[in-house]
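Raw contents of upload-v7.cif, mmCIF, C-alpha atoms:
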```cif
data_work
#
loop_
_atom_site.label_atom_id
_atom_site.label_comp_id
_atom_site.auth_asym_id
_atom_site.auth_seq_id
_atom_site.Cartn_x
_atom_site.Cartn_y
_atom_site.Cartn_z
CA MET G 203 -153.21 144.95 -26.32
CA ARG G 204 -154.41 141.49 -27.26
CA GLU G 205 -158.06 140.55 -27.51
CA LYS G 206 -158.13 138.30 -24.42
CA GLU G 207 -156.30 140.76 -22.20
CA LYS G 208 -158.15 142.99 -19.83
CA LEU G 209 -157.02 146.35 -18.46
CA ILE G 210 -158.56 147.57 -15.23
CA GLU G 211 -157.92 151.31 -15.27
CA LEU G 212 -159.22 153.95 -12.89
CA GLU G 213 -159.15 157.69 -13.50
CA ASN G 214 -160.89 158.93 -10.35
CA PRO G 215 -158.38 159.54 -7.52
CA LYS G 216 -160.96 158.61 -4.87
CA LEU G 217 -161.63 155.28 -6.54
CA LYS G 218 -157.88 154.69 -6.74
CA MET G 219 -157.63 155.23 -2.98
CA VAL G 220 -160.50 152.80 -2.35
CA ARG G 221 -158.85 150.22 -4.61
CA LEU G 222 -155.52 150.65 -2.83
CA GLY G 223 -157.21 150.28 0.56
CA PHE G 224 -158.94 147.11 -0.58
CA ARG G 225 -155.69 145.66 -1.92
CA GLN G 226 -153.91 146.52 1.35
CA ILE G 227 -156.60 144.73 3.34
CA LEU G 228 -156.29 141.63 1.15
CA LEU G 229 -152.50 141.71 1.39
CA ARG G 230 -152.65 142.00 5.20
CA GLU G 231 -154.98 139.00 5.32
CA PHE G 232 -152.64 137.03 3.06
CA LYS G 233 -149.69 137.84 5.35
CA LYS G 234 -151.70 136.93 8.45
CA ARG G 235 -152.63 133.53 7.01
CA LEU G 236 -149.10 132.86 5.79
CA ILE G 237 -147.62 133.72 9.20
CA ALA G 238 -150.14 131.38 10.87
CA LEU G 239 -149.03 128.56 8.55
CA LEU G 240 -145.37 129.33 9.18
CA ASP G 241 -146.01 129.25 12.93
CA LYS G 242 -147.74 125.86 12.62
CA GLU G 243 -144.85 124.57 10.54
CA SER G 244 -142.29 125.81 13.03
CA GLU G 245 -144.21 124.27 15.93
CA LEU G 246 -144.45 120.97 14.07
CA LEU G 247 -140.74 120.96 13.25
CA GLY G 248 -139.88 121.72 16.87
CA SER G 249 -141.98 118.81 18.12
CA LYS G 250 -140.38 116.19 15.87
CA THR G 251 -138.66 113.31 17.57
CA GLU G 252 -135.08 112.37 16.75
CA GLU G 253 -136.12 109.58 14.35
CA GLN G 254 -138.67 111.85 12.59
CA ARG G 255 -136.13 114.59 11.81
CA GLY G 256 -135.04 113.19 8.46
CA SER G 257 -138.55 112.59 7.15
CA ILE G 258 -141.47 114.74 6.11
CA LEU G 259 -144.61 114.18 8.14
CA PRO G 260 -148.04 114.23 6.46
CA GLU G 261 -148.92 117.30 8.53
CA GLU G 262 -145.83 119.07 7.16
CA ARG G 263 -146.79 118.21 3.60
CA LEU G 264 -150.28 119.58 4.21
CA ILE G 265 -148.87 122.87 5.54
CA VAL G 266 -146.48 123.20 2.59
CA ASN G 267 -149.37 122.59 0.19
CA GLN G 268 -151.48 125.22 1.97
CA LYS G 269 -148.63 127.75 1.81
CA ASN G 270 -148.11 127.09 -1.89
CA LYS G 271 -151.83 127.39 -2.60
CA LEU G 272 -151.99 130.68 -0.72
CA ARG G 273 -148.98 132.08 -2.60
CA ASN G 274 -150.37 130.93 -5.95
CA GLU G 275 -153.72 132.54 -5.22
CA LEU G 276 -152.06 135.85 -4.41
CA SER G 277 -149.85 135.82 -7.49
CA ALA G 278 -152.84 135.01 -9.72
CA SER G 279 -154.98 137.77 -8.20
CA ILE G 280 -155.36 141.38 -9.28
CA VAL G 281 -154.06 142.46 -5.86
CA VAL G 282 -150.38 142.42 -6.84
CA CYS G 283 -148.40 142.64 -10.08
CA ALA G 284 -146.98 139.18 -10.81
CA ALA G 285 -143.62 140.71 -11.77
CA CYS G 286 -142.93 143.57 -9.35
CA THR G 287 -145.64 143.07 -6.66
CA ASP G 288 -147.02 146.60 -7.19
CA ILE G 289 -150.36 147.08 -5.43
CA GLU G 290 -151.08 150.70 -6.38
CA GLY G 291 -151.36 150.95 -10.14
CA ASP G 292 -153.71 149.79 -12.86
CA HIS G 293 -153.28 146.13 -13.78
CA ILE G 294 -153.64 144.13 -16.99
CA PHE G 295 -154.66 140.46 -17.10
CA THR G 296 -152.72 138.41 -19.63
CA SER G 297 -154.41 135.32 -21.00
CA ARG G 298 -151.02 133.94 -22.04
CA ASN G 299 -149.72 133.77 -18.44
CA LYS G 300 -153.08 133.94 -16.66
CA VAL G 301 -151.79 136.57 -14.22
CA TRP G 302 -152.09 140.31 -13.62
CA TYR G 303 -149.27 142.77 -14.34
CA CYS G 304 -149.00 146.47 -13.67
CA VAL G 305 -149.01 148.54 -16.86
CA GLU G 306 -145.25 149.19 -16.71
CA CYS G 307 -144.29 145.52 -16.31
CA TYR G 308 -146.80 144.49 -18.96
CA GLU G 309 -145.23 146.84 -21.51
CA ILE G 310 -141.72 145.58 -20.71
CA LEU G 311 -142.79 141.94 -20.94
CA GLU G 312 -144.71 142.47 -24.18
CA GLU G 313 -141.71 144.19 -25.77
CA SER G 314 -139.48 141.34 -24.65
CA TYR G 315 -141.97 138.77 -25.94
CA ALA G 316 -142.16 140.49 -29.34
CA LYS G 317 -138.36 140.51 -29.62
CA GLU G 318 -138.25 136.82 -28.70
CA ILE G 319 -140.81 135.99 -31.41
CA GLU G 320 -138.80 137.99 -33.98
CA ALA G 321 -135.61 136.17 -33.01
CA LEU G 322 -137.31 132.79 -33.32
CA LYS G 323 -138.64 133.71 -36.77
CA ARG G 324 -135.12 134.62 -37.93
CA LEU G 325 -133.87 131.19 -36.85
CA ASN G 326 -136.19 129.41 -39.28
#
```
When written as C-alpha coordinates, how does the structure in this file appear?
Amino acid sequence: MREKEKLIELENPKLKMVRLGFRQILLREFKKRLIALLDKESELLGSKTEEQRGSILPEERLIVNQKNKLRNELSASIVVCAACTDIEGDHIFTSRNKVWYCVECYEILEESYAKEIEALKRLN
(Lines of atoms letter the chains of each structure in order from A and count residues from 1; the text may use other names and numbers.)
(Lines give C-alpha, C1' and ligand atoms only; values in the text may rest on other atoms or scores of the structure.)
Protein backbone atom coordinates (compact mmCIF):
# COMPACT_ATOMS: atom_id res chain seq x y z
CA MET A 1 0.00 0.00 0.00
CA ARG A 2 1.28 3.45 -0.83
CA GLU A 3 2.10 6.05 1.78
CA LYS A 4 -0.82 8.38 0.99
CA GLU A 5 -3.41 5.63 0.89
CA LYS A 6 -5.61 4.91 3.84
CA LEU A 7 -7.30 1.63 4.72
CA ILE A 8 -10.34 1.73 6.96
CA GLU A 9 -10.59 -1.80 8.32
CA LEU A 10 -12.90 -3.13 11.01
CA GLU A 11 -12.51 -6.45 12.81
CA ASN A 12 -15.44 -6.27 15.22
CA PRO A 13 -18.63 -7.71 13.66
CA LYS A 14 -20.83 -5.32 15.64
CA LEU A 15 -18.91 -2.32 14.35
CA LYS A 16 -19.21 -3.71 10.83
CA MET A 17 -22.99 -3.85 11.25
CA VAL A 18 -23.07 -0.26 12.52
CA ARG A 19 -20.94 0.86 9.58
CA LEU A 20 -23.20 -0.95 7.13
CA GLY A 21 -26.29 0.60 8.71
CA PHE A 22 -24.74 4.05 8.46
CA ARG A 23 -23.81 3.52 4.81
CA GLN A 24 -27.33 2.28 4.04
CA ILE A 25 -28.82 5.40 5.62
CA LEU A 26 -26.54 7.64 3.56
CA LEU A 27 -27.32 5.70 0.38
CA ARG A 28 -31.08 5.99 1.03
CA GLU A 29 -30.70 9.74 1.50
CA PHE A 30 -28.70 9.99 -1.73
CA LYS A 31 -31.43 8.10 -3.61
CA LYS A 32 -34.15 10.24 -2.06
CA ARG A 33 -32.41 13.45 -3.15
CA LEU A 34 -31.67 12.13 -6.62
CA ILE A 35 -35.31 11.05 -7.11
CA ALA A 36 -36.47 14.52 -6.00
CA LEU A 37 -34.18 16.11 -8.61
CA LEU A 38 -35.37 13.69 -11.29
CA ASP A 39 -38.98 14.52 -10.42
CA LYS A 40 -38.24 18.27 -10.70
CA GLU A 41 -36.53 17.68 -14.03
CA SER A 42 -39.43 15.63 -15.35
CA GLU A 43 -41.93 18.25 -14.22
CA LEU A 44 -39.89 20.99 -15.88
CA LEU A 45 -39.60 19.05 -19.13
CA GLY A 46 -43.35 18.39 -19.13
CA SER A 47 -44.13 22.08 -18.70
CA LYS A 48 -41.99 23.27 -21.62
CA THR A 49 -43.76 25.09 -24.39
CA GLU A 50 -43.41 24.01 -28.02
CA GLU A 51 -40.74 26.64 -28.77
CA GLN A 52 -38.76 25.75 -25.61
CA ARG A 53 -38.50 22.04 -26.45
CA GLY A 54 -35.27 22.30 -28.42
CA SER A 55 -33.44 24.41 -25.85
CA ILE A 56 -32.11 23.90 -22.35
CA LEU A 57 -33.64 26.19 -19.76
CA PRO A 58 -31.50 27.67 -16.97
CA GLU A 59 -33.58 25.71 -14.46
CA GLU A 60 -32.76 22.49 -16.32
CA ARG A 61 -29.06 23.28 -16.28
CA LEU A 62 -29.24 23.92 -12.54
CA ILE A 63 -30.93 20.55 -11.94
CA VAL A 64 -28.37 18.73 -14.10
CA ASN A 65 -25.56 20.40 -12.17
CA GLN A 66 -27.15 19.42 -8.85
CA LYS A 67 -27.54 15.80 -10.01
CA ASN A 68 -23.92 15.67 -11.15
CA LYS A 69 -22.71 17.19 -7.88
CA LEU A 70 -24.71 14.67 -5.88
CA ARG A 71 -23.36 11.74 -7.92
CA ASN A 72 -19.79 13.02 -7.64
CA GLU A 73 -20.12 13.40 -3.88
CA LEU A 74 -21.33 9.83 -3.54
CA SER A 75 -18.60 8.38 -5.73
CA ALA A 76 -15.93 10.31 -3.81
CA SER A 77 -17.28 9.19 -0.43
CA ILE A 78 -16.35 6.15 1.64
CA VAL A 79 -19.97 4.98 1.41
CA VAL A 80 -19.53 3.07 -1.85
CA CYS A 81 -16.62 1.50 -3.74
CA ALA A 82 -15.92 3.67 -6.79
CA ALA A 83 -15.53 0.57 -8.97
CA CYS A 84 -18.17 -1.94 -7.87
CA THR A 85 -20.41 0.16 -5.55
CA ASP A 86 -19.88 -2.25 -2.62
CA ILE A 87 -21.17 -0.78 0.65
CA GLU A 88 -20.32 -3.64 3.02
CA GLY A 89 -16.58 -4.16 3.03
CA ASP A 90 -13.49 -2.31 4.18
CA HIS A 91 -12.45 0.51 1.86
CA ILE A 92 -9.12 2.03 0.84
CA PHE A 93 -8.67 5.67 -0.17
CA THR A 94 -6.33 6.16 -3.12
CA SER A 95 -4.58 9.49 -3.39
CA ARG A 96 -3.96 8.86 -7.09
CA ASN A 97 -7.69 8.78 -7.94
CA LYS A 98 -8.98 10.53 -4.81
CA VAL A 99 -11.71 7.91 -4.34
CA TRP A 100 -12.46 4.92 -2.11
CA TYR A 101 -12.29 1.32 -3.34
CA CYS A 102 -13.19 -1.91 -1.61
CA VAL A 103 -10.15 -4.06 -0.85
CA GLU A 104 -10.86 -6.48 -3.72
CA CYS A 105 -11.20 -3.76 -6.38
CA TYR A 106 -8.17 -1.94 -5.01
CA GLU A 107 -6.00 -5.04 -5.39
CA ILE A 108 -7.22 -5.62 -8.96
CA LEU A 109 -6.65 -1.99 -9.93
CA GLU A 110 -3.20 -1.87 -8.33
CA GLU A 111 -2.14 -5.03 -10.16
CA SER A 112 -3.42 -3.57 -13.42
CA TYR A 113 -1.65 -0.27 -12.73
CA ALA A 114 1.64 -2.05 -12.01
CA LYS A 115 1.38 -4.00 -15.28
CA GLU A 116 0.65 -0.78 -17.16
CA ILE A 117 3.74 0.89 -15.66
CA GLU A 118 5.89 -2.13 -16.60
CA ALA A 119 4.57 -2.05 -20.17
CA LEU A 120 5.30 1.66 -20.47
CA LYS A 121 8.85 1.13 -19.19
CA ARG A 122 9.45 -1.55 -21.84
CA LEU A 123 8.38 0.90 -24.56
CA ASN A 124 11.21 3.29 -23.72
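Note that the spacing between CA of Arg225 in chain G and CA of Arg263 in chain G amounts to 29.4 Å.
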List the residues matched by the PyMOL selection byres ((chain G and resi 273-285) around 8) in the displayed structure as a PyMOL selection string, ordered by chain and then by residue number.
chain G and resi 225+228-229+232+269-272+286-289+293+295+300-304+307
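With all atoms listed in the file as the atoms that count, the residue of G:Glu261, G:Asp292, G:Glu231, G:Glu207 with the shortest distance to Glu243 in chain G is G:Glu261.
Using only C-alpha atoms, the smallest distance between any of G:Gly291, G:Arg230, G:Arg298, G:Glu313 and Leu212 in chain G comes from G:Gly291.
With CA of Leu236 in chain G on one side and CA of Leu222 in chain G on the other, the separation reads 20.8 Å.
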With distances taken over only C-alpha atoms, which of G:Glu290, G:Leu240, G:Ser249, G:Arg221 is nearest to Val266 in chain G?
G:Leu240
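For the choices G:Ile294, G:Leu264, G:Leu325, G:Leu259, the atom-to-atom distance to Tyr308 in chain G is smallest for G:Ile294 when using only C-alpha atoms.
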Considering all atoms listed in the file, can you say which of G:Ile319, G:Val305, G:Ser297, G:Glu262 comes closest to Glu211 in chain G?
G:Val305
My list of candidates is G:Leu311, G:Ala316, G:Thr296, G:Gly248. Which is closest to Lys208 in chain G when distances are computed with only C-alpha atoms?
G:Thr296
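Put simply, CA of Asn267 in chain G is 13.9 Å away from CA of Ala238 in chain G.
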Got a minute to add N, CA and C atoms to range 273-290 of chain G and dump it as an mmCIF file, keeping the file's coordinate frame?
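The result, stored in selection_19.cif:
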```
data_model
loop_
_atom_site.group_PDB
_atom_site.id
_atom_site.type_symbol
_atom_site.label_atom_id
_atom_site.label_comp_id
_atom_site.auth_asym_id
_atom_site.auth_seq_id
_atom_site.Cartn_x
_atom_site.Cartn_y
_atom_site.Cartn_z
ATOM 1 N N ARG G 273 -149.878 131.264 -1.769
ATOM 2 C CA ARG G 273 -148.980 132.080 -2.600
ATOM 3 C C ARG G 273 -149.452 132.124 -4.049
ATOM 4 N N ASN G 274 -149.877 130.980 -4.558
ATOM 5 C CA ASN G 274 -150.370 130.930 -5.950
ATOM 6 C C ASN G 274 -151.619 131.778 -6.128
ATOM 7 N N GLU G 275 -152.507 131.737 -5.141
ATOM 8 C CA GLU G 275 -153.720 132.540 -5.220
ATOM 9 C C GLU G 275 -153.405 134.033 -5.235
ATOM 10 N N LEU G 276 -152.439 134.436 -4.423
ATOM 11 C CA LEU G 276 -152.060 135.850 -4.410
ATOM 12 C C LEU G 276 -151.436 136.256 -5.737
ATOM 13 N N SER G 277 -150.527 135.440 -6.253
ATOM 14 C CA SER G 277 -149.850 135.820 -7.490
ATOM 15 C C SER G 277 -150.796 135.816 -8.691
ATOM 16 N N ALA G 278 -151.869 135.042 -8.615
ATOM 17 C CA ALA G 278 -152.840 135.010 -9.720
ATOM 18 C C ALA G 278 -153.926 136.071 -9.558
ATOM 19 N N SER G 279 -153.918 136.788 -8.453
ATOM 20 C CA SER G 279 -154.980 137.770 -8.200
ATOM 21 C C SER G 279 -154.599 139.140 -8.760
ATOM 22 N N ILE G 280 -155.583 140.011 -8.815
ATOM 23 C CA ILE G 280 -155.360 141.380 -9.280
ATOM 24 C C ILE G 280 -154.722 142.241 -8.181
ATOM 25 N N VAL G 281 -154.580 141.693 -6.995
ATOM 26 C CA VAL G 281 -154.060 142.460 -5.860
ATOM 27 C C VAL G 281 -152.634 142.939 -6.116
ATOM 28 N N VAL G 282 -151.781 142.050 -6.620
ATOM 29 C CA VAL G 282 -150.380 142.420 -6.840
ATOM 30 C C VAL G 282 -149.967 142.128 -8.277
ATOM 31 N N CYS G 283 -149.006 142.917 -8.770
ATOM 32 C CA CYS G 283 -148.400 142.640 -10.080
ATOM 33 C C CYS G 283 -147.562 141.375 -9.932
ATOM 34 N N ALA G 284 -147.706 140.450 -10.863
ATOM 35 C CA ALA G 284 -146.980 139.180 -10.810
ATOM 36 C C ALA G 284 -145.472 139.369 -10.963
ATOM 37 N N ALA G 285 -145.047 140.489 -11.537
ATOM 38 C CA ALA G 285 -143.620 140.710 -11.770
ATOM 39 C C ALA G 285 -142.965 141.538 -10.662
ATOM 40 N N CYS G 286 -143.586 142.654 -10.290
ATOM 41 C CA CYS G 286 -142.930 143.570 -9.350
ATOM 42 C C CYS G 286 -143.668 143.712 -8.018
ATOM 43 N N THR G 287 -144.780 143.039 -7.858
ATOM 44 C CA THR G 287 -145.640 143.070 -6.660
ATOM 45 C C THR G 287 -146.238 144.444 -6.362
ATOM 46 N N ASP G 288 -146.361 145.301 -7.364
ATOM 47 C CA ASP G 288 -147.020 146.600 -7.190
ATOM 48 C C ASP G 288 -148.470 146.383 -6.793
ATOM 49 N N ILE G 289 -148.959 147.177 -5.827
ATOM 50 C CA ILE G 289 -150.360 147.080 -5.430
ATOM 51 C C ILE G 289 -151.127 148.370 -5.733
ATOM 52 N N GLU G 290 -150.435 149.398 -6.216
ATOM 53 C CA GLU G 290 -151.080 150.700 -6.380
ATOM 54 C C GLU G 290 -151.652 150.960 -7.763
#
```
